[in-house]
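Colleague: First the structure, then my questions, so here it is.
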Amino acid sequence: MSHILLVLLASLSTASTLFLVASGITLLFGALRVVNIAHGSFVMYGAYILASAAAAYGGEGWQLWVAILAVPLIVGVLGSGMEISVMRRTYGKEHLSQLLATFAMFYIFADLALILWGGSYKSVPVPQGLGGSVVIADLAFPVYSLFVIGVTIAVAVALAALLRFTQFGWQIRAAVEDPELLAVTGVHVRRLGTIVFGLAAGLAGLAGVLIAPVQTIAPGLDASVLVAGFIVAVVGGLGSISGAAVGALVIGLGETLGALWVPALESVMIYVLMIAMLSIRPSGLLGRS
Amino acid sequence: MNASLLKARSLVKRYGGFAAVDGFELDVVPGEIHSIIGPNGAGKSTVFNLITGLAKANAGSIEFAGRDITGHAPHDIARSGIICGFQVPSVLPRLTVLESVVFGILARRRRYSQLWFLHRRRLEVEARGILEEVGLDTQRDVESRHLSHGDQRTLEIAMALSCDPKLLMLDEPTAGMSSFETQRITRLLQQVSRERQLSILLIEHDMQVVFGISDRVTVMHMGANFALGSPAEISAKEEVRAIYLGGGG
Amino acid sequence: MNAPVEAVTEPSGAAKSSTLGPILRGLVRHRTLAALVVVSIVCTAYGLNGDATALITLDNALILVLFSVATNLLLGYGGMASFGQACFFGLGAYLVALGWANLHAPFWLMLVAAPAVGALVATAVGAVALRLQQWFFSLVTLAFSQLFYTIVEKAYVITQGDNGVFGPMIPRALTEPITGFEFVLGVTAICLVLLLAVVRSPFGLTLTAIRDNRRRVQTLGINVYRHQVLAFAISGAFCSVAGALFTVPNQAAYPQLFDWNQSGLPVIASVLGGVFLFEGPVLGAFILQYGRDLLIQHTSHWQLAFGLLLLAIVLLAPDGLLGAAYRLIGRSARRFLSSGVWRRAGWR
């Protein structure tokens with residue numbers, strides 16, 4: 001029984017970061033009809049930048065905390081920058097151009113990362129104060145997992161509030177429903193696009209920051225995060241943030257439990273879930289068919 | 001009354017909480033030109049999507065030539081004999097006029113998956129016959145995307161004919177056309193219906209078109225049936241005029 | 001009413017003689033075959049004079065050509081961007097490698113098995129991946145690429161995992177550089193001609209029609225999903241052959257042949273050359289192979305260079321380098337080319 005609670009916590013923690021990645025993908029596709037292959041790159045850059053900060057300032061102290069707060073913003077700006085310099089030029093073109101442009105960016109980001117950080121593994125220590133475990137009812141819950149879950153819930157609530165209660169959020173939802181109508185109403189669609197891209201990138205950067213202490217940071221992280229985040233979006237239902245949440249829970253649970261029950265399938269469990277979902281219900285759990 | 005070629009009963013289609021189509025019924029008899037009219041938002045386009053299979057109904061049934069086609073895939077419905085034309089003419093932009101009609105013939109003959117080279121002479125002869133019927137033969141080597149709006153619409157009809165349909169369904173075929181082009185299209189539809197004994201179902205907004213060529217008219221309002229009758233009967237009804245002007249039912 | 005485009009007439013400009021005109025017209029109409037013949041001749045001439053290392057590079061270039069043209073069947077002609085064709089490339093390579101290592105089966109048997117197995121596996125993958133549209137399809141194919149890589153890496157007992165498979169897996173005759181080259185060239189040429197036939201067939205026409213207007217094709221009575229799965233199977237079969245050929249100059253198979261990097265190569269090559277032309281990926285593959293080899297001598301960041309080049313092409317010259325070249329040539333012989341160059345899966 002106790003064992004199960006710990007497993008649940010672990011899967012919630014995994015699900016949290018998956019949700020952050022998938023919500024960015026969903027947001028971009030829903031509002032801008034863009035699938036960004038470089039999304040995983042944003043996550044990886046978040047982790048790498050934090051690693052550099054940790055190396056520069058030491059693993060402890062307030063500088064690391066500043067970095068944790070600053071990195072998502074930096075990655076967000078990077079995302080907006082990509083939108084302005086590259087994506088804007090693809091809006092009028094065929095969809096294939098857009099996809100290929102983001103693929104080119106993926107390639108470019110990957111090699112830039114090699115130039116900036118080299119090919120060796122980087123690591124980030126768990127921030128001071130978040131290490132160790134908290135004992136509740138005779139069980140030792142890792143503090144860091146609780147932290148990740150807590151931050152994600154806070155961000156999810158903030159995101160939901162943003163979409164529901166602010167004008168900006170309404171514009172995004174309108175863009176999801178009917179992009180052409182939105183343009184006609186005089187909203188700054190271009191600016192909206194830049195901000196949405198930045199927001200999605202920021203979410204990805206935050207995910208990168210959160211997974212940095214518990215993940216090896218190395219080349220290839222971009223591809224694996226992209227695939228994982230995308231599968232979550234597919235399983236949950238494309239175009240819906242709550243779908244991303246549901247998908248993240250399913251994948252998080254599925255991966256952790258799957259690893260326990262059928263260890264041989266551990267590394268491919270996420271693909272099995274993807275294939276299963278696509279075969280049975282392509283629109284995803286919460287998606288509209 | 002003749003047995004219906006197309007029969008729709010109690011069709012319901014909801015988007016979220018909103019019922020775009022709410023208990024709609026339709027009968028199209030063989031050989032007639034039947035029009036569906038109604039003010040904007042009446043649900044006409046939704047009905048179009050339901051019949052072509054591009055949308056799935058939440059409730060109700062659609063029967064065609066005695067066969068239930070409710071919820072079937074678009075390609076299945078097309079094979080059953082319903083070929084449609086879209087509000088914005090939907091053609092294959094990089095194919096020439098002749099190639100487009102040949103493509104339709106290939107589709108009808110189920111030869112479209114053939115992996116080896118097909119000698120197209122015979123198909124082209126048949127295609128040119130259809131092009132002469134609709135008046136596009138002189139433009140047969142023009143790429144579809146270079147045609148005028150009216151010619152694209154005509155090409156769409158030609159492509160439909162190449163599939164030898166039992167029912168031709170057109171969504172606002174004269175939208176965006178000059179009166180000259182409108183006349184051309186309506187005359188073509190009459191000719192085609194007469195010579196091929198083809199049933200035609202029109203979704204139309206332009207009353208002149210409707211009353212000029214239709215045998216019967218179904219009026220739609222707020223997702224449901226409002227009236228049914230000959231053009232003369234419908235145009236005489238005050239209530240029909242009212243729903244176009246006022247919005248009340 | 002628009003005036004119809006003029007039928008092909010004598011070109012104005014340089015080619016005014018009455019014999020040159022028809023020859024040039026014929027060249028344009030059959031430019032693809034002409035290009036393939038020219039490339040084959042050039043390769044043969046170069047190959048028969050070259051040394052072993054140069055031949056290996058040429059072999060790999062030809063393999064990349066086949067891989068790219070097969071991928072472009074989906075990308076350019078079908079409008080389906082698959083980032084997972086490495087699944088079948090690696091499959092072909094491993095069929096040969098494991099056939100030799102585990103089964104002691106003859107190379108020729110594995111070579112024939114490659115397209116068959118490739119088509120089968122591609123049908124399964126395509127059936128799943130094509131459940132989603134467009135961009136999501138692309139990401140699913142990417143996921144499959146990573147999945148295959150993971151499986152091969154982990155199934156150590158069968159595949160020898162990360163170590164890969166190395167050894168004399170090809171017949172002795174093919175280890176001789178010139179013979180090996182002739183073999184690779186021959187198989188590649190045959191496959192390209194077959195792919196050209198597919199593209200020019202009604203199947204190819206339907207594929208491009210689906211790309212241009214899916215809804216219209218559906219509502220004419222064609223099962224689009226099934227057609228696309230079939231295209232996926234054909235592409236997978238030829239990608240598999242390319243993978244099997246890979247073992248000839250390299251005598252190796254390793255898990256990285258399945259990953260997204262490998263999947264990206266034919267896409268980059270196709271876009272570079274021009275996705276809307278059959279011979280576009282041919283040019284792109286040669287540029288990619290030789291460009292990469294050249295860059296690697298000076299810097300390890302060839303990926304950055306090609307990423308930037310790719311971006312430039314996508315944004316500035318979407319019809320690729322060859323497409324841009326044809327366009328520039330076309331400027332001085334416009335009517336001559338207007339009914340030729342821009343027709344997609346044409347009926348020639």
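For the structure tokens, the naming scheme is as follows: chains receive sequential letters (A, B, ...) according to their order of presentation, residues are indexed from 1 within each chain, and ligands are indexed from 1 in presentation order.
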Counting only C-alpha atoms, a student should be able to say which residues of chain C come within 7 Å of chain A; what is the right answer, written as a list of chain:residue names?
Modeller: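 Matching residues, ligands excluded from the count: C:Val128, C:Arg131, C:Leu132, C:Trp135, C:Ala143, C:Leu147, C:His301, C:Gln303, C:Leu304, C:Gly307, C:Leu308, C:Leu310, C:Leu311, C:Val314, C:Leu315.
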Colleague: Only residues of chain B matter here; which ones have an atom within 6 Å of chain C, counting only C-alpha atoms? Give them as a JSON list (two decimals) with N, CA and C atoms, in the first residue's frame.
Modeller:
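As a result, iface_28.json now contains:
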```json
[["chain", "number", "residue", "atom", "x", "y", "z"],
["B", 74, "PRO", "N", -17.09, 9.72, -46.39],
["B", 74, "PRO", "CA", -17.36, 10.47, -47.63],
["B", 74, "PRO", "C", -17.11, 9.67, -48.90],
["B", 75, "HIS", "N", -16.05, 8.89, -48.92],
["B", 75, "HIS", "CA", -15.77, 8.18, -50.16],
["B", 75, "HIS", "C", -16.81, 7.10, -50.42],
["B", 78, "ALA", "N", -19.85, 8.86, -51.80],
["B", 78, "ALA", "CA", -19.63, 9.24, -53.19],
["B", 78, "ALA", "C", -19.80, 8.03, -54.11],
["B", 79, "ARG", "N", -19.28, 6.90, -53.67],
["B", 79, "ARG", "CA", -19.42, 5.69, -54.49],
["B", 79, "ARG", "C", -20.86, 5.24, -54.61],
["B", 112, "TYR", "N", -7.83, 4.14, -60.05],
["B", 112, "TYR", "CA", -6.96, 5.23, -59.58],
["B", 112, "TYR", "C", -5.75, 4.74, -58.80],
["B", 113, "SER", "N", -5.80, 3.47, -58.38],
["B", 113, "SER", "CA", -4.66, 2.94, -57.61],
["B", 113, "SER", "C", -3.69, 2.17, -58.47],
["B", 114, "GLN", "N", -3.96, 2.14, -59.74],
["B", 114, "GLN", "CA", -3.14, 1.33, -60.64],
["B", 114, "GLN", "C", -1.70, 1.84, -60.65],
["B", 115, "LEU", "N", -0.75, 0.92, -60.48],
["B", 115, "LEU", "CA", 0.64, 1.32, -60.33],
["B", 115, "LEU", "C", 1.41, 1.36, -61.64],
["B", 116, "TRP", "N", 0.81, 0.88, -62.68],
["B", 116, "TRP", "CA", 1.55, 0.91, -63.95],
["B", 116, "TRP", "C", 0.91, 1.92, -64.88],
["B", 117, "PHE", "N", 1.64, 2.29, -65.88],
["B", 117, "PHE", "CA", 1.23, 3.35, -66.77],
["B", 117, "PHE", "C", -0.07, 3.01, -67.47],
["B", 139, "GLN", "N", -11.18, 24.68, -73.56],
["B", 139, "GLN", "CA", -10.19, 25.03, -72.55],
["B", 139, "GLN", "C", -9.55, 23.80, -71.92],
["B", 142, "VAL", "N", -6.09, 23.96, -70.18],
["B", 142, "VAL", "CA", -5.81, 25.01, -69.19],
["B", 142, "VAL", "C", -5.74, 24.38, -67.81]]
```
Colleague: Taking 4 positions as the minimum chain separation for residues in the same chain, which residues sit within 9 Å of Ser240 in chain C when counting only C-alpha atoms? Answer as an MDAnalysis selection string.
Modeller: chainID C and resid 67 85:93 114:119 235:236 244:245
Colleague: For the strand (DSSP E or B) assignment from backbone DSSP, which residues of range 16-184 of chain B qualify? Please present them as a PyMOL selection string.
Modeller: chain B and resi 18-28+33-37+59-64+67-68+82-85+96+143+167-171
Colleague: Please produce an output containing N, CA and C atoms for each residue in the selection, written as a CSV table (one decimal), in the first residue's frame.
Modeller:
```csv
chain,number,residue,atom,x,y,z
B,18,PHE,N,-25.1,23.9,-29.1
B,18,PHE,CA,-25.9,24.6,-30.1
B,18,PHE,C,-26.3,23.5,-31.2
B,19,ALA,N,-27.6,23.4,-31.5
B,19,ALA,CA,-28.1,22.5,-32.5
B,19,ALA,C,-28.2,23.2,-33.8
B,20,ALA,N,-27.2,22.9,-34.7
B,20,ALA,CA,-27.3,23.6,-36.0
B,20,ALA,C,-28.4,23.0,-36.9
B,21,VAL,N,-28.6,21.7,-36.7
B,21,VAL,CA,-29.7,21.0,-37.4
B,21,VAL,C,-30.5,20.3,-36.3
B,22,ASP,N,-31.8,20.5,-36.3
B,22,ASP,CA,-32.6,20.0,-35.2
B,22,ASP,C,-33.9,19.4,-35.7
B,23,GLY,N,-33.7,18.1,-36.1
B,23,GLY,CA,-34.9,17.4,-36.5
B,23,GLY,C,-35.3,17.7,-38.0
B,24,PHE,N,-34.3,17.7,-38.8
B,24,PHE,CA,-34.6,18.1,-40.2
B,24,PHE,C,-35.0,16.9,-41.0
B,25,GLU,N,-35.9,17.0,-42.0
B,25,GLU,CA,-36.3,16.0,-42.9
B,25,GLU,C,-36.3,16.4,-44.3
B,26,LEU,N,-36.0,15.5,-45.2
B,26,LEU,CA,-35.8,15.8,-46.6
B,26,LEU,C,-36.2,14.6,-47.5
B,27,ASP,N,-36.9,14.9,-48.6
B,27,ASP,CA,-37.1,13.9,-49.6
B,27,ASP,C,-36.7,14.5,-51.0
B,28,VAL,N,-35.9,13.7,-51.7
B,28,VAL,CA,-35.6,14.1,-53.0
B,28,VAL,C,-36.1,12.9,-53.9
B,33,ILE,N,-35.2,18.5,-59.6
B,33,ILE,CA,-34.2,19.5,-59.1
B,33,ILE,C,-34.9,20.0,-57.9
B,34,HIS,N,-34.2,19.7,-56.7
B,34,HIS,CA,-34.8,20.1,-55.4
B,34,HIS,C,-33.9,21.1,-54.8
B,35,SER,N,-34.4,22.2,-54.3
B,35,SER,CA,-33.6,23.2,-53.6
B,35,SER,C,-33.9,23.3,-52.1
B,36,ILE,N,-32.8,23.5,-51.4
B,36,ILE,CA,-33.0,23.8,-49.9
B,36,ILE,C,-32.6,25.3,-49.8
B,37,ILE,N,-33.6,26.1,-49.3
B,37,ILE,CA,-33.3,27.5,-49.1
B,37,ILE,C,-33.5,27.8,-47.6
B,59,ALA,N,-28.0,12.4,-34.4
B,59,ALA,CA,-29.2,11.6,-34.4
B,59,ALA,C,-29.9,11.7,-35.8
B,60,GLY,N,-30.7,10.7,-36.1
B,60,GLY,CA,-31.4,10.8,-37.3
B,60,GLY,C,-30.8,9.8,-38.3
B,61,SER,N,-31.5,9.7,-39.5
B,61,SER,CA,-31.0,8.8,-40.5
B,61,SER,C,-31.0,9.4,-41.9
B,62,ILE,N,-30.2,8.9,-42.7
B,62,ILE,CA,-30.1,9.3,-44.2
B,62,ILE,C,-30.1,8.0,-45.0
B,63,GLU,N,-31.1,8.0,-46.0
B,63,GLU,CA,-31.2,6.8,-46.8
B,63,GLU,C,-31.0,7.2,-48.2
B,64,PHE,N,-30.2,6.5,-49.0
B,64,PHE,CA,-30.0,6.8,-50.4
B,64,PHE,C,-30.2,5.6,-51.3
B,67,ARG,N,-30.6,2.5,-49.5
B,67,ARG,CA,-29.5,2.0,-48.6
B,67,ARG,C,-29.3,3.1,-47.5
B,68,ASP,N,-29.1,2.6,-46.3
B,68,ASP,CA,-28.8,3.5,-45.2
B,68,ASP,C,-27.3,4.0,-45.3
B,82,ILE,N,-23.7,9.8,-54.8
B,82,ILE,CA,-23.9,11.2,-54.5
B,82,ILE,C,-22.6,12.0,-54.7
B,83,ILE,N,-22.6,12.9,-55.7
B,83,ILE,CA,-21.3,13.6,-55.9
B,83,ILE,C,-21.7,15.1,-55.6
B,84,CYS,N,-20.8,15.8,-55.0
B,84,CYS,CA,-21.1,17.1,-54.5
B,84,CYS,C,-20.2,18.2,-55.1
B,85,GLY,N,-20.7,19.4,-55.1
B,85,GLY,CA,-19.9,20.6,-55.4
B,85,GLY,C,-19.9,21.5,-54.3
B,96,THR,N,-4.9,19.9,-65.6
B,96,THR,CA,-5.7,20.6,-66.6
B,96,THR,C,-7.1,20.2,-66.5
B,143,GLU,N,-4.8,24.8,-67.0
B,143,GLU,CA,-4.7,24.3,-65.6
B,143,GLU,C,-5.9,24.9,-64.8
B,167,LEU,N,-27.2,11.4,-57.9
B,167,LEU,CA,-27.6,12.7,-57.3
B,167,LEU,C,-26.4,13.6,-57.3
B,168,LEU,N,-26.7,14.8,-57.8
B,168,LEU,CA,-25.7,15.9,-57.8
B,168,LEU,C,-26.1,16.9,-56.8
B,169,MET,N,-25.2,17.1,-55.8
B,169,MET,CA,-25.5,18.1,-54.8
B,169,MET,C,-24.6,19.3,-54.8
B,170,LEU,N,-25.1,20.4,-54.9
B,170,LEU,CA,-24.3,21.6,-55.0
B,170,LEU,C,-24.6,22.6,-53.9
B,171,ASP,N,-23.5,23.1,-53.3
B,171,ASP,CA,-23.7,24.1,-52.2
B,171,ASP,C,-23.5,25.5,-52.8
```
Colleague: If you run DSSP on this backbone, which residues of range 4-99 of chain A come out as helix (DSSP H, G or I), and could you give them as an MDAnalysis selection string?
Modeller: chainID A and resid 4:32 39:57 62:85 87:90 95:99
Colleague: As an exercise, work out the distance from CA of Leu6 in chain A to CA of Trp62 in chain A in Å and give it to one decimal place.
Modeller: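 Result for CA of Leu6 in chain A versus CA of Trp62 in chain A: 29.8 Å, one decimal.
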Colleague: In Å, with one decimal, what is the gap from CA of Tyr149 in chain C to CA of Asn102 in chain C?
Modeller: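 Those two atoms sit 19.4 Å apart.
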Colleague: Got a sec to pull out which chain B residues are within 12 Å of chain A, counting only C-alpha atoms, and send them as a list in words?
Modeller: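 Close to chain A, chain B has Tyr15, Gly16, Leu54, Ala55 and Lys56 of chain B.
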Colleague: Please provide the set of residues having any atom within 6 Å of Gly237 in chain A, restricted to only C-alpha atoms, with same-chain residues fewer than 4 positions apart removed, written as a PyMOL selection string.
Modeller: chain A and resi 233+243+283-287
Colleague: What's around Ala67 in chain A at 12 Å? Count only C-alpha atoms, leave out sequence neighbours fewer than 6 positions away in its own chain, and write the answer as a list in words.
Modeller: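 Counting only C-alpha atoms, the residues come to Gly46, Ala47, Tyr48, Ile49, Leu50, Ala51, Ser52, Ala53, Ala54, Ala55, Ala56, Tyr57, Gly58, Gly59, Glu60, Gly61, Leu73, Ile74, Val75, Val124, Pro127, Gly205, Leu206, Val209 and Leu210 of chain A.
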Colleague: Write to file, as an mmCIF file, in the first residue's frame, the residues of the selection just made, with C-alpha atoms.
Modeller:
```cif
data_model
loop_
_atom_site.group_PDB
_atom_site.id
_atom_site.type_symbol
_atom_site.label_atom_id
_atom_site.label_comp_id
_atom_site.auth_asym_id
_atom_site.auth_seq_id
_atom_site.Cartn_x
_atom_site.Cartn_y
_atom_site.Cartn_z
ATOM 1 C CA GLY A 46 16.167 25.512 -20.310
ATOM 2 C CA ALA A 47 18.050 22.641 -18.744
ATOM 3 C CA TYR A 48 21.388 23.584 -20.294
ATOM 4 C CA ILE A 49 21.176 27.258 -19.317
ATOM 5 C CA LEU A 50 20.363 26.277 -15.768
ATOM 6 C CA ALA A 51 23.312 23.884 -15.821
ATOM 7 C CA SER A 52 25.584 26.713 -16.888
ATOM 8 C CA ALA A 53 24.231 28.903 -14.129
ATOM 9 C CA ALA A 54 24.788 26.127 -11.603
ATOM 10 C CA ALA A 55 28.322 25.667 -12.826
ATOM 11 C CA ALA A 56 29.015 29.395 -12.641
ATOM 12 C CA TYR A 57 27.490 30.186 -9.303
ATOM 13 C CA GLY A 58 27.814 26.936 -7.520
ATOM 14 C CA GLY A 59 24.970 24.656 -6.741
ATOM 15 C CA GLU A 60 23.763 26.453 -3.716
ATOM 16 C CA GLY A 61 22.599 29.797 -2.694
ATOM 17 C CA LEU A 73 11.789 33.939 -19.217
ATOM 18 C CA ILE A 74 14.988 33.685 -21.235
ATOM 19 C CA VAL A 75 13.662 30.695 -23.154
ATOM 20 C CA VAL A 124 22.367 20.267 -12.042
ATOM 21 C CA PRO A 127 18.495 23.242 -5.212
ATOM 22 C CA GLY A 205 11.840 26.301 -20.505
ATOM 23 C CA LEU A 206 10.205 25.848 -17.125
ATOM 24 C CA VAL A 209 14.439 23.803 -15.435
ATOM 25 C CA LEU A 210 12.346 21.398 -13.402
#
```
Colleague: For the atom pair CA of Val43 in chain A and CA of Leu203 in chain A, what is the interatomic distance in Å to one decimal place?
Modeller: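 Interatomic distance here is 8.4 Å.
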Colleague: Residues at most 12 Å from Thr194 in chain A, counting only C-alpha atoms, excluding those fewer than 4 positions away in the same chain, as a list in words?
Modeller: Leu28, Ala31, Leu32, Gly76, Val77, Leu78, Gly79, Ser80, Gly81, Met82, Glu83, Ile84, Ser85, Val86, Met87, Arg88, Ile172, His188, Val189, Arg190, Gly198, Leu199, Ala200 and Ala201 of chain A
Colleague: As a list in words, please: the residues near Ala97 in chain C (cut-off 9 Å, only C-alpha atoms, same-chain neighbours under 4 positions excluded).
Modeller: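 Surrounding residues, per the criterion: Gly92, Ala93, Ala101, Asn102, Phe107, Met110, Val165, Phe166, Gly167, Met169, Ile170, Ala244, Thr247, Gln251, Ala252 and Ala253 of chain C.
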Colleague: Output all heavy atoms for every residue in the selection just made, as a compact mmCIF listing (two decimals), in the first residue's frame.
Modeller:
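Here's the written file again.txt:
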```txt
# COMPACT_ATOMS: atom_id res chain seq x y z
N GLY C 92 16.36 -2.49 -43.60
CA GLY C 92 17.04 -3.11 -44.72
C GLY C 92 18.47 -3.48 -44.37
O GLY C 92 18.94 -4.58 -44.67
N ALA C 93 19.16 -2.54 -43.70
CA ALA C 93 20.55 -2.80 -43.33
C ALA C 93 20.64 -3.98 -42.37
O ALA C 93 21.48 -4.87 -42.50
CB ALA C 93 21.17 -1.55 -42.72
N ALA C 101 24.72 -12.64 -39.81
CA ALA C 101 25.24 -12.95 -38.48
C ALA C 101 24.46 -14.06 -37.79
O ALA C 101 25.03 -14.93 -37.16
CB ALA C 101 25.26 -11.70 -37.62
N ASN C 102 23.15 -14.01 -37.87
CA ASN C 102 22.33 -14.95 -37.10
C ASN C 102 21.83 -16.13 -37.91
O ASN C 102 21.68 -17.22 -37.38
CB ASN C 102 21.12 -14.22 -36.50
CG ASN C 102 21.54 -13.17 -35.48
OD1 ASN C 102 22.73 -13.03 -35.19
ND2 ASN C 102 20.58 -12.43 -34.96
N PHE C 107 23.25 -13.22 -49.07
CA PHE C 107 23.01 -11.78 -49.23
C PHE C 107 21.86 -11.54 -50.19
O PHE C 107 20.99 -10.69 -49.95
CB PHE C 107 24.29 -11.12 -49.75
CG PHE C 107 24.10 -9.69 -50.18
CD1 PHE C 107 24.06 -8.68 -49.25
CD2 PHE C 107 23.95 -9.37 -51.53
CE1 PHE C 107 23.88 -7.35 -49.64
CE2 PHE C 107 23.78 -8.06 -51.93
CZ PHE C 107 23.75 -7.04 -50.98
N MET C 110 18.44 -11.81 -48.71
CA MET C 110 18.10 -10.67 -47.85
C MET C 110 17.81 -9.43 -48.68
O MET C 110 16.96 -8.63 -48.33
CB MET C 110 19.26 -10.39 -46.88
CG MET C 110 19.44 -11.47 -45.83
SD MET C 110 18.01 -11.61 -44.74
CE MET C 110 17.44 -13.24 -45.12
N VAL C 165 26.51 -4.36 -35.89
CA VAL C 165 26.95 -5.60 -36.53
C VAL C 165 27.98 -5.25 -37.59
O VAL C 165 27.73 -4.41 -38.45
CB VAL C 165 25.77 -6.34 -37.19
CG1 VAL C 165 26.23 -7.66 -37.78
CG2 VAL C 165 24.65 -6.57 -36.18
N PHE C 166 29.13 -5.85 -37.49
CA PHE C 166 30.19 -5.58 -38.47
C PHE C 166 30.74 -6.89 -38.98
O PHE C 166 30.81 -7.86 -38.26
CB PHE C 166 31.32 -4.77 -37.83
CG PHE C 166 30.88 -3.41 -37.37
CD1 PHE C 166 30.28 -3.24 -36.14
CD2 PHE C 166 31.08 -2.31 -38.19
CE1 PHE C 166 29.86 -1.99 -35.72
CE2 PHE C 166 30.67 -1.05 -37.77
CZ PHE C 166 30.06 -0.89 -36.53
N GLY C 167 31.17 -6.87 -40.21
CA GLY C 167 31.78 -8.10 -40.72
C GLY C 167 31.52 -8.30 -42.19
O GLY C 167 30.85 -7.49 -42.83
N MET C 169 29.55 -9.22 -44.47
CA MET C 169 28.17 -9.62 -44.66
C MET C 169 27.74 -9.61 -46.12
O MET C 169 26.62 -9.96 -46.43
CB MET C 169 27.25 -8.72 -43.83
CG MET C 169 27.49 -7.25 -44.10
SD MET C 169 26.51 -6.17 -43.03
CE MET C 169 27.25 -6.43 -41.45
N ILE C 170 28.62 -9.17 -46.99
CA ILE C 170 28.25 -9.15 -48.40
C ILE C 170 29.14 -10.13 -49.17
O ILE C 170 30.22 -10.48 -48.70
CB ILE C 170 28.40 -7.74 -48.99
CG1 ILE C 170 29.83 -7.25 -48.83
CG2 ILE C 170 27.43 -6.77 -48.33
CD1 ILE C 170 30.08 -5.91 -49.48
N ALA C 244 19.53 -1.85 -47.35
CA ALA C 244 20.25 -3.08 -47.67
C ALA C 244 21.52 -2.75 -48.47
O ALA C 244 22.58 -3.32 -48.24
CB ALA C 244 19.34 -4.02 -48.45
N THR C 247 24.89 -1.77 -46.77
CA THR C 247 25.88 -2.73 -46.27
C THR C 247 26.98 -3.00 -47.28
O THR C 247 28.02 -3.53 -46.91
CB THR C 247 25.20 -4.07 -45.92
OG1 THR C 247 24.57 -4.58 -47.11
CG2 THR C 247 24.17 -3.89 -44.83
N GLN C 251 29.60 -2.40 -45.00
CA GLN C 251 29.66 -3.68 -44.30
C GLN C 251 29.38 -3.51 -42.82
O GLN C 251 30.13 -4.01 -41.98
CB GLN C 251 31.02 -4.35 -44.53
CG GLN C 251 31.25 -4.68 -45.99
CD GLN C 251 32.46 -5.55 -46.19
OE1 GLN C 251 32.54 -6.64 -45.65
NE2 GLN C 251 33.41 -5.06 -46.98
N ALA C 252 28.33 -2.78 -42.52
CA ALA C 252 28.00 -2.53 -41.12
C ALA C 252 26.52 -2.24 -40.99
O ALA C 252 25.86 -1.84 -41.96
CB ALA C 252 28.81 -1.35 -40.59
N ALA C 253 26.04 -2.43 -39.78
CA ALA C 253 24.69 -1.99 -39.44
C ALA C 253 24.71 -1.64 -37.96
O ALA C 253 25.26 -2.39 -37.15
CB ALA C 253 23.66 -3.08 -39.70
```
Colleague: With distances taken over only C-alpha atoms, which of A:Leu253, A:Ile68, A:Leu273, A:Ile25 is nearest to Phe197 in chain A?
Modeller: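 Under the stated criterion, the closest residue is A:Ile25.
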Colleague: Smallest atom-to-atom distance to Ser4 in chain B: which of B:Ala42, B:Val192, B:Leu136, B:Ala65, using only C-alpha atoms?
Modeller: B:Ala65
